[in-house]
Structures are given as C-alpha cells and as structure tokens.
Amino acid sequence: MLASALLLVLGQPVYAQTTTTTPGTAADEQPKPDGERDARTLDTVVVTGIKGSLTSSMNLKRDAQGVVDGIAAEDIGKFPDTNLAEALQRISGVSIDRSNGEGSRVTVRGVGPDFNLVLLNGRQMPTATGGRAFEFSDLAAESISAVEVFKTSRAATPTGGIGATINIKTARPLDNPGLHANAGIKGIWDGSDDDLPGAYKGDSVTPDVSGIFSNTSADGRFGIALSANYQKRESGSASAFVASGNGWRPFIDTPQPNGEGAGSALPRPGQPGSENITNRPGPNDVYSMPQSLGYSINSVKRERVNSQLTFQWAPTDNLTTTLDYTYSQNKIEQLRNDMSVWLNFTPGTSSWTKGSGSSPTYYDERYNGNSDFANGASKTAVKRENKSVGLNVDWRVADNFKLNFDYHRSTAESSPDSPYGSSNTLGAAGFFRAGNTIDFSRDFPVLTLHLPAGMTAIDPAQMLVAGSVFRNDMHRAEIDQFQANGEFEFQNYSKLNFGVASTDYENRSAFTNVQLDTWGGATSVNDYPDSVWQLQHMGDFFNGASGSRDPKFTDSFFLFDFDQVRQLAEDAWVAAGKGSREDYRASFDYSGAAVPGSTANRTVGDSQVREESRSFYVQWSNTFEWKLPVNVAAGVRYERTKVKASALQPAPSGIDWLSENEFIIRYSGSEFRNLDGDYKYWLPSLDVSMDLTDNMKLRASYGESIGRPNWGSLNPALGVGGQARYDGGGGGAGNPGLKPLESRNFDLSYEWYYGESSYFSVGYFRKKIDNFIADQVSRQTPYPDLHTPAGGAYWNQAIAQGCAATDRPCIRNFILNTYNGQPGVVRTGVDANGIATGTITGQPGDPVLEFNITAPVNNRADTLDGWEFNLQHVFGDSGFGLAANYTIVNSGLTYNDGRLGTQFAMTGLSDSANLVAFYEKGPWQARAAYNWRDKFLTSLGDGKGANPIYVEAYGQLDMNVSYAVNDNLVLSLEGINITDETMRTHGRNTRQLYSYDQSGPRYMFGVRYKF
C-alpha cells in the first residue's frame, strides 16, 4: 500500500509548498543535536501553562514526520511532572517500571526498556545499571524543555530503539533570548516511611532545591545558561515475598524430555500422605512449591545532584556554536531488615489451585527437629555518576544548504558508596522453628510459625549470626560519538538530508563477592547481648493489607543494627581463635586481595565489551499536491557494528574426585577469555502523510530498526561452578557474536484537529521482530587441559578387574587401594562401611571434561501489533480540559503457564491508559492524572526454575495544584500515589506470590520565584 501511494505521488506535478513549524517540533528531520537552529523557526513562541504545554505537544504531533508524541515545558524551568518517566507515561503507548515508588524506566508499545533508545539533545547516553535501559530517576526535570518520543523509525534516526527513540531536550539560551531566571524550593513529605520503626525513619520533610539562569547578549550573539537541582528523598516500603533467587520450584509427575521438573514432590494418589492433599494437581499438570517465604521493611535515602552549563556563540547569522557540560550524581542508600523461613518441599497438609500451573493455597510443614527462623539485615550503598561534555557547530553554508557537526564524550559509573561494598547482608537466626503453615489464599500471605513444645514466643537469647555476604559491583560505560548531518534544499523545495556517525561504546562490569554460608560455630548465642535483638511486629508495617492483622500471622521478629552486630561478630570471630581481625575482615573486603588463612568463599569477575559502530544515511523528502497535499520522506540507513569482548575469570586447573558423585573443579589464578562479533544492516524507511482537510491528517509509515543485545548477554565470561558429575559439568556463558533484534515496523494513523488545543487520533501499529534472544544448551569442552578421572586409565583398569561401569563406589575403592601414592591418587583412610576414602585427580591422557554450556543465541521471530487512541479536549474558555489515551498491545509471544521448558515470550507487553483532567484560569492551576497499566510479564525465570513472573495490573492517581500570587511568585502542592496503591507480582497463577509491596503516598509543597 505504501509503495503504491508513493508511485502515485511521484507521478503528479510538483508545487511549491510553504512549511511552517512550531519551535521545538520535529517537522522534517531526526532529533537535532545541540545548537542546530533552523532559520525558519527562529521566532520564539512562549509556551506557558498547562493548556500551552498541551498545545505545544499537539503541534509537535501534527507537524512531525512520522508518528511523534511529546511533552513540552509549561515555562522555562517548569516541566509538568517532577519525574521524567512519570511524565512520559502520560503518552499513549508508554508504560513505566517503578523503583522505590517512582518512575525509573520506560516500555513503549510493549517493547521493554533495554530496546528503547534514549538521547539527550540528540546524543546517545551511556548507562551504568548493567543494562541498556536509561535510568530516568537520575535526571531532574527542571532543566528539561521538551521530550520527544519518535515511535516510527526513519533513516535519520539513530539505531537502537525498536519501541521508540526518546529525545530529551534541555533549555538553550539562544532559543530563549533575554534574561530568564527562576528558583524554587520544595519540601518533600514521604508517607511511605511513616510506619517504619524510629531507627529507620528519615526526616519528616526533605528538600528539593532548583534554579535556572539563562541570558543572552544585547545583540543575541552570545548566550549562557546554568541549571542546577539538589534533591534529598527519604522513603520506605514493606514487602512480603517468595524470593526470586530461590523462589518456586516447578514439578510435574510426568518426566520431561530434558529432565526438567521430573519426579514428584507430592505423594501420588493412594500413597501414604495423599489423603492430606486437597485438589492435588493431575499427572500431567505443572505445579510449583515455594522454597522460602519472607517479609521485610526497607528504608531508602537518596541524594541527587543535577547541573548543566551551556555556552552558545553565534559569530554570524549563519553560524552557531554550542558547548555544554552535563553532570548528575545519585547516591542511594538502603537499610533492610527481614524475617524468613526456608522450606523443604515436604508439605504434610496442603491444598492447591486448579489446573496446570498450580500452586498451594494452604501449605504446612512440620519437622522432627528444630530448624532456623531467619532474621536478616542488609545495608546497600551505591553512587551513580554521569558526566557529558559536548561541542556542536551549526553552519548554514547557503540559503539552501546547511551542515551540523556534533561531538560528545559521556561517561556513566556506578560504584559502591560504603566501606563494605555495594551490597552487604548479615544473616542471623534462632534455631527454634518446629514447622510452619502458610496461607496463600489472599493477596497477602499469612505465615504461622510453630515453636517447640514449651516455647510460646521467639527468644532473643537463642539468636546469633549464621552467615554473611559482602558484595561489590562496579559498572562503567563510556561513549565517544561524532555526528555530521547535512540538508540540501532543491529549487522545488524537496530536501535531501544526509549524515554520518561514529559511536564507540565501552561497557565494563566487575564484581567481587565474599560469602560465608555458615560460620561453623565461630560464634555462639553468648556473643550477642539480648538487647541487640529488638522485638518488632511485621504486621505493623503493612497498613491495611488483608491478612496483616490476622491472629494466625506470626509477625514477631528481631530487628537489629547492621553495624553493631557486624562488630560483635568480628569480636567473637577473633575471640574464638578463628583468625586475626585482618582475616575476619576478608569476609567483607571486596577489593579482591588475598588474605592468608581466610575461609571466605571469594569470587571475582571483570568483563569489558566494546561496540564500534559506523553509520551513514540519506533521506529525501518533499510535499506534493495530488488532489490533496501529500508529504513523503524516503531514506535508508547503513549500520556496521564490531563487538570486542574480554572477561577475566577464574581459571580451572584440575578435577578432584572426592566421593561417589562429587567431582570438584579446582581453580588456580585467573585467565582472560576474548571473543568478537560483527554485524551490518541496511535499514530502509518510508513516511507518507496526507492532509485530508485543513484539520485532518492520514499517515502511513514503514521502517526497519534494530535493538542491540543487552550487555549481560554479550559478556564473554564462562562460568562452570565448583562441582561436576562423573558424566560432565554444567555452566553458562555470554555470546558477543549475537545479532541485534531486527524489527520491521508498520504504522497507520488518523488525526483530527477539530478545535483550539483539541484533537482526536487513532493509530494502528505492527512490528515483525526477528532474532529474539533465548538460552540454548550445547555440549562443549571449553578447557582442553581439564582432565577428569572418569573414563581415565585408572577407571578403565578398575572395570577390567570386575567393577561395573556404573558402580562408582567399586571403581573408587579399587583405584584408592591399588594406586595409592601414584600420580593423582591419595588414600586417606576408610569410612564406616570399609570403603576407601581419599582424592583421585584427573591426569594428562585422561578424558577432557565435557560441559553442558547454556548460552544466549538468536532463535526466533514473531509479531506484535496494537492500537492507540488519543483524545485531548479544552472546554472553551471555561478553564477546564482533559487528555485521555488508551493503548492495546497484542503478540503471539505470550507465556504458557501450564508448560515447562524454554519458552519465548516478550516481557513488558501490556495495555495501558491515562486520564488527565485539568483546570487553569486566573491564578489557579489544578491537574489530576490517573495512569493504569494492565498485567504484564516481567521475567521468564525466577532463578530456581523456568517460572514466569508477572506484575499485576496497577493504577495510580497523582495531583497538583498551584496558585500564582503574582507574575513572579507561584505556590504549589503535589501528591504522588495519593490513594496509597500497592504493587504485587505473581507466577503461574495469582496465588503464586512473588512480591507484595506497599510504599505509600508522597507529597511536595513548594514555592517558585521568577526573576
């Protein structure tokens, strides 16, 4: 259809058309780098107020090439929302993920955050979160002038965004001639920590201070702008969870071809214990059992600093230069205390949901002896820092020819902000749990703890530290990018846009993990005064949650101070003669330095991936008169990317056979693993729009785009763990040779601009996505010098002397008794059954150990499509107005909850809706915004097995009111999540809980003065 329309257009006479654009729109090109100014759009249109902002956004959509939506600031220094992600969710098709109660990342048209490209003034920004998704909470909104969301791909648009390319634009002094300055201060009252205990509560009110200054010289040749923001936020939350790292283990009575889920954890009908099961899953039904259940209270303290300094100089009317520096820092500290129980997959009495994908609604375990009741404390502290310096030169060479050159170097780094590392946990426990019952029938799970006979309450005198994990994570990313763009306008007013770009992106991730799973009696209950264990009741922190006040809920637990108990543990370690203080501190020394005599289980990893991309594009556009005005743009982009990846990893040095089926992989030092990748693509695009009337427009677009694999998938590190079996081992690796996801995108939309600041639109979109990435298992011998005794010379001699090939105890006994003292054989004695004990080590000439290596591969293609509906209406001069949108997204990439095994499903896929009502008249402004997102799949695996995790449908109401005392002074009040909504995630069915989170509302009251 698009090709036919283009042929018809090309066959018609050409007429000159006069194009007018609104400043800040994208009428005919890609997102423009800093400083690029079009002589046709030099006149400044002052956009103020809610209505003005909506009008500017409407004009952006109307005048754009392709499908573009956006948000414009109401005035300089006043973006509509205080968080950019929360502002973007007002746009149709845009949904957000929330972290600590605020927007953090965006999903567009069902495509997840890692496959949406975010630009700052047309420049690609690095991320330091370990993925490609941009973290919007790091960036303050006060210096933002507009955000553009390009939903259709064009040759002129940088690659990387399958869902959308999002361009964040900051204020530029020459775009706003004259002196502009304002300053604001807000007090933030976060109701989310009101229920927390005193040690966890922050200040009642925290500050948010911002200011922006912009000025130009009298002749308009020189401009300077400075913006800055400081925000301190202290918040809290309470969570109930089945931890995703060791969550629900799937079972099925019928063995699967790959062995997954084989065997049954429940007695089969007729077996002892089956009479205690209600609604038992059928023989072919998948069902899951919980590995753990926990509850936690969390306190988060954040300090964010943002600033930007911009210089602009226009020595002539045809030349503008822009030099800017952007800086952001976000320090995030979290304290956490929790209570949890570990389960054994052995319920005595249970009841189950119906059908395949079942999980228990009632689950009871009792133990012969006492088990642990775990109480933990953790302290995490991370600092994220972003720096960007850029130079832009915009040159109008002639009236019909202009060039733009842009260079920037940007870095992003995430590092620990604590002497102990970035994430640190102490596990304490009392060994007085005789069993537990869990009621999963409600949204909030209810735990009943069973204590030993004669014990009526948990006892601080029986508490001690049982283990610890100290971890350091570091992520650093750097981008060096050069872009050169040009535009040539022909006599018939058609245009040719062209450009080249070079982008070097380096991403490094490193970690050190020091873990003591058990301290082996290094400390005792006598080392910890009872006073350090502070009795609390978990139900007090879940306001209004059904079940949190249930009399059956055993909500008593011990809260303790992390630093105090860590010091007590160190003192006890030294006093028990386990080692020196230096040796103990190895358990939280995250530098990676070896400490003699340390019993810490230390793992270290360091990977670096570098992408070198070179690209060029050409794009031709024109406006024709074919019965009706028709606008067309056709182009192609070429993209070539080379990937170089290197990883430092522990080096296996041998295989030790220690018992019947225990083959230990021995390590010595470290080694580098280097792998490469390479890909290139031609990406065509075509946009056609037709003005049906002065107020109606029809659009059609086709374009191809790519989304690069995540950094974790490109990490070349190969990990095979510490244990193998006689028939081989298992492990995982990244794959730098992965191809990007490739999407063929089609859009068709109708727009009706029927009144001042009012319009209606409906659009259909379809994406055919190739090269989906999924894990695949292959048999490999990655270490040619790693020999196993299984099948070796000693092994074969034992079989020749009469041992069965499957009788490993016989084979071990023969080797240890016959070849003791020979190379690789050390006999240490005999066990209670008279079987020899010792170590047998693989020797040169023995078989090389094989591994089942799981690695990501490009595997499958599928489609997604959907509809977007938009309505914006202003009720005349009444001051009232509304904006509403609804997005429907469909795809064949859905998860089958009743089936085990590898599945291909798209995360983030969901419908969404927004409703914004506002009033603006005289000195008053008021706005109420409701955002809703339907249930969506957020993960394909929970760490324990191939279980899906869904985020349940969620809606949130935000409001703000402001009053202009005069032309300079404005008072404001804002409320976020004012109805105190909770968020919940589940697995294969709604009763299979993963998390229940309650954060609370947030209010901001402020004053802003305009100079």
# chains A, B, ... in the order shown; residues from 1 in each chain; ligands from 1
$ residues_around --residues "A:Trp867" --least-positions-apart "4" --cutoff "9 Å" --atoms "only C-alpha atoms" --output "number ranges by chain"
A: 93, 762-765, 886-889
$ residues_around --residues "A:Leu568" --least-positions-apart "5" --cutoff "10 Å" --atoms "only C-alpha atoms" --output "ChimeraX atom specification"
/A:465,523,527-529,532,563,573
$ write_last_selection --atoms "N, CA and C atoms" --output "PDB file, in the first residue's frame"
ATOM      1  N   VAL A 465      24.551 -14.726  64.751  1.00  0.00           N
ATOM      2  CA  VAL A 465      24.851 -14.537  63.335  1.00  0.00           C
ATOM      3  C   VAL A 465      25.216 -15.885  62.732  1.00  0.00           C
ATOM      4  N   THR A 523      30.891 -18.361  66.181  1.00  0.00           N
ATOM      5  CA  THR A 523      30.313 -17.545  67.253  1.00  0.00           C
ATOM      6  C   THR A 523      29.191 -18.336  67.918  1.00  0.00           C
ATOM      7  N   ASP A 527      27.654 -14.528  72.464  1.00  0.00           N
ATOM      8  CA  ASP A 527      28.429 -13.400  71.952  1.00  0.00           C
ATOM      9  C   ASP A 527      27.562 -12.182  71.640  1.00  0.00           C
ATOM     10  N   TYR A 528      26.247 -12.326  71.762  1.00  0.00           N
ATOM     11  CA  TYR A 528      25.354 -11.248  71.371  1.00  0.00           C
ATOM     12  C   TYR A 528      24.400 -10.943  72.522  1.00  0.00           C
ATOM     13  N   PRO A 529      24.516  -9.784  73.150  1.00  0.00           N
ATOM     14  CA  PRO A 529      23.579  -9.423  74.226  1.00  0.00           C
ATOM     15  C   PRO A 529      22.141  -9.428  73.711  1.00  0.00           C
ATOM     16  N   VAL A 532      20.572  -6.412  71.695  1.00  0.00           N
ATOM     17  CA  VAL A 532      20.773  -6.046  70.286  1.00  0.00           C
ATOM     18  C   VAL A 532      19.624  -6.547  69.420  1.00  0.00           C
ATOM     19  N   ASP A 563      25.573  -2.372  61.667  1.00  0.00           N
ATOM     20  CA  ASP A 563      26.950  -2.050  62.052  1.00  0.00           C
ATOM     21  C   ASP A 563      27.289  -2.616  63.435  1.00  0.00           C
ATOM     22  N   TRP A 573      34.583 -13.646  66.405  1.00  0.00           N
ATOM     23  CA  TRP A 573      35.443 -14.416  65.499  1.00  0.00           C
ATOM     24  C   TRP A 573      36.877 -14.447  66.025  1.00  0.00           C
TER      25      TRP A 573
END
$ residues_around --residues "stretch 64-72 of chain A" --least-positions-apart "2" --cutoff "9 Å" --atoms "only C-alpha atoms" --output "PDB file with C-alpha atoms, in the first residue's frame"
ATOM      1  CA  THR A  21       6.852  24.696  12.100  1.00  0.00           C
ATOM      2  CA  GLY A  24      10.621  22.543  19.460  1.00  0.00           C
ATOM      3  CA  THR A  25       8.887  20.290  16.898  1.00  0.00           C
ATOM      4  CA  ALA A  26      10.429  17.756  14.574  1.00  0.00           C
ATOM      5  CA  ALA A  27       8.808  18.648  11.278  1.00  0.00           C
ATOM      6  CA  ASP A  28      11.213  17.035   8.908  1.00  0.00           C
ATOM      7  CA  GLU A  29      14.412  15.739  10.491  1.00  0.00           C
ATOM      8  CA  VAL A  47       4.695  28.328  25.952  1.00  0.00           C
ATOM      9  CA  GLY A  52       0.052  25.965  26.441  1.00  0.00           C
ATOM     10  CA  SER A  53       2.053  22.825  27.146  1.00  0.00           C
ATOM     11  CA  LEU A  54      -0.682  20.588  25.714  1.00  0.00           C
ATOM     12  CA  THR A  55      -0.996  22.846  22.659  1.00  0.00           C
ATOM     13  CA  SER A  56       2.731  22.666  22.018  1.00  0.00           C
ATOM     14  CA  SER A  57       2.654  18.870  22.348  1.00  0.00           C
ATOM     15  CA  MET A  58      -0.291  18.712  19.946  1.00  0.00           C
ATOM     16  CA  ASN A  59       1.570  20.833  17.386  1.00  0.00           C
ATOM     17  CA  LEU A  60       4.603  18.574  17.714  1.00  0.00           C
ATOM     18  CA  LYS A  61       2.428  15.597  16.811  1.00  0.00           C
ATOM     19  CA  ARG A  62       0.655  17.441  14.000  1.00  0.00           C
ATOM     20  CA  GLU A  74       4.894  24.907  30.653  1.00  0.00           C
ATOM     21  CA  ASP A  75       7.573  27.562  31.078  1.00  0.00           C
ATOM     22  CA  PHE A  79       8.269  20.704  33.408  1.00  0.00           C
ATOM     23  CA  PRO A  80       4.775  19.265  34.013  1.00  0.00           C
ATOM     24  CA  ALA A  87       5.701  12.454  32.608  1.00  0.00           C
ATOM     25  CA  LEU A  88       6.339  10.050  29.727  1.00  0.00           C
ATOM     26  CA  ARG A  90       1.072  10.180  30.048  1.00  0.00           C
ATOM     27  CA  ILE A  91       1.887   9.492  26.368  1.00  0.00           C
ATOM     28  CA  SER A  92      -0.100   6.755  24.657  1.00  0.00           C
ATOM     29  CA  ILE A 144      14.136  19.931  30.548  1.00  0.00           C
ATOM     30  CA  SER A 145      12.384  21.969  27.868  1.00  0.00           C
ATOM     31  CA  ALA A 146      10.743  19.095  25.971  1.00  0.00           C
ATOM     32  CA  VAL A 147      10.734  15.337  25.452  1.00  0.00           C
ATOM     33  CA  GLU A 148      10.067  13.868  22.010  1.00  0.00           C
ATOM     34  CA  VAL A 149       9.019  10.235  21.501  1.00  0.00           C
ATOM     35  CA  PHE A 150       9.674   9.039  17.930  1.00  0.00           C
ATOM     36  CA  LYS A 151       7.551   5.925  17.510  1.00  0.00           C
ATOM     37  CA  THR A 152       8.303   5.339  13.839  1.00  0.00           C
ATOM     38  CA  SER A 153      11.810   4.672  12.590  1.00  0.00           C
ATOM     39  CA  ARG A 154      13.453   6.842   9.965  1.00  0.00           C
ATOM     40  CA  ASN A 631       4.145  14.702   2.341  1.00  0.00           C
ATOM     41  CA  VAL A 632       6.655  11.954   1.677  1.00  0.00           C
ATOM     42  CA  ALA A 633      10.050  11.052   3.119  1.00  0.00           C
ATOM     43  CA  LEU A 686       9.239   5.464   4.183  1.00  0.00           C
ATOM     44  CA  ASP A 687       6.823   8.039   5.644  1.00  0.00           C
ATOM     45  CA  VAL A 688       3.749   9.280   3.814  1.00  0.00           C
ATOM     46  CA  SER A 689       1.142  11.687   5.186  1.00  0.00           C
ATOM     47  CA  ARG A 699      -0.284   8.891   7.992  1.00  0.00           C
ATOM     48  CA  ALA A 700       1.398   5.677   6.913  1.00  0.00           C
ATOM     49  CA  SER A 701       4.950   4.631   7.752  1.00  0.00           C
ATOM     50  CA  ASP A 747       2.157   2.341  11.239  1.00  0.00           C
ATOM     51  CA  LEU A 748      -1.147   3.753  10.042  1.00  0.00           C
ATOM     52  CA  SER A 749      -2.886   6.631  11.843  1.00  0.00           C
TER      53      SER A 749
END
$ residues_around --residues "A:Gly390" --least-positions-apart "2" --cutoff "7 Å" --atoms "only C-alpha atoms" --output "list in words"
Leu323, Asp324, Tyr325, Ser388, Asn392, Tyr407, His408 and Arg409 of chain A
$ residues_around --residues "A:Gly160" --least-positions-apart "5" --cutoff "7 Å" --atoms "only C-alpha atoms" --output "list in words"
Phe115, Asn116, Leu117, Ile706, Gly707 and Arg708 of chain A
$ write_last_selection --atoms "N, CA and C atoms" --output "tab-separated table (two decimals), in the first residue's frame"
chain	number	residue	atom	x	y	z
A	115	PHE	N	15.32	-1.96	24.92
A	115	PHE	CA	15.23	-1.80	23.47
A	115	PHE	C	14.53	-0.51	23.08
A	116	ASN	N	14.60	0.50	23.95
A	116	ASN	CA	14.19	1.85	23.63
A	116	ASN	C	15.42	2.75	23.78
A	117	LEU	N	15.72	3.52	22.75
A	117	LEU	CA	16.92	4.35	22.75
A	117	LEU	C	16.58	5.73	23.31
A	706	ILE	N	16.82	-1.70	14.60
A	706	ILE	CA	17.48	-2.78	15.34
A	706	ILE	C	17.58	-2.41	16.81
A	707	GLY	N	17.61	-3.42	17.66
A	707	GLY	CA	17.81	-3.26	19.10
A	707	GLY	C	18.96	-4.14	19.54
A	708	ARG	N	19.99	-3.55	20.05
A	708	ARG	CA	21.22	-4.30	20.33
A	708	ARG	C	21.04	-5.19	21.57
$ select_by_dssp --residues "stretch 406-491 of chain A" --states "strand (DSSP E or B)" --output "MDAnalysis selection string"
chainID A and resid 406:416 423:439 446:450 463:489
$ atom_distance --atom1 "atom CA of A:Lys935" --atom2 "atom CA of A:Asn771"
25.4 Å
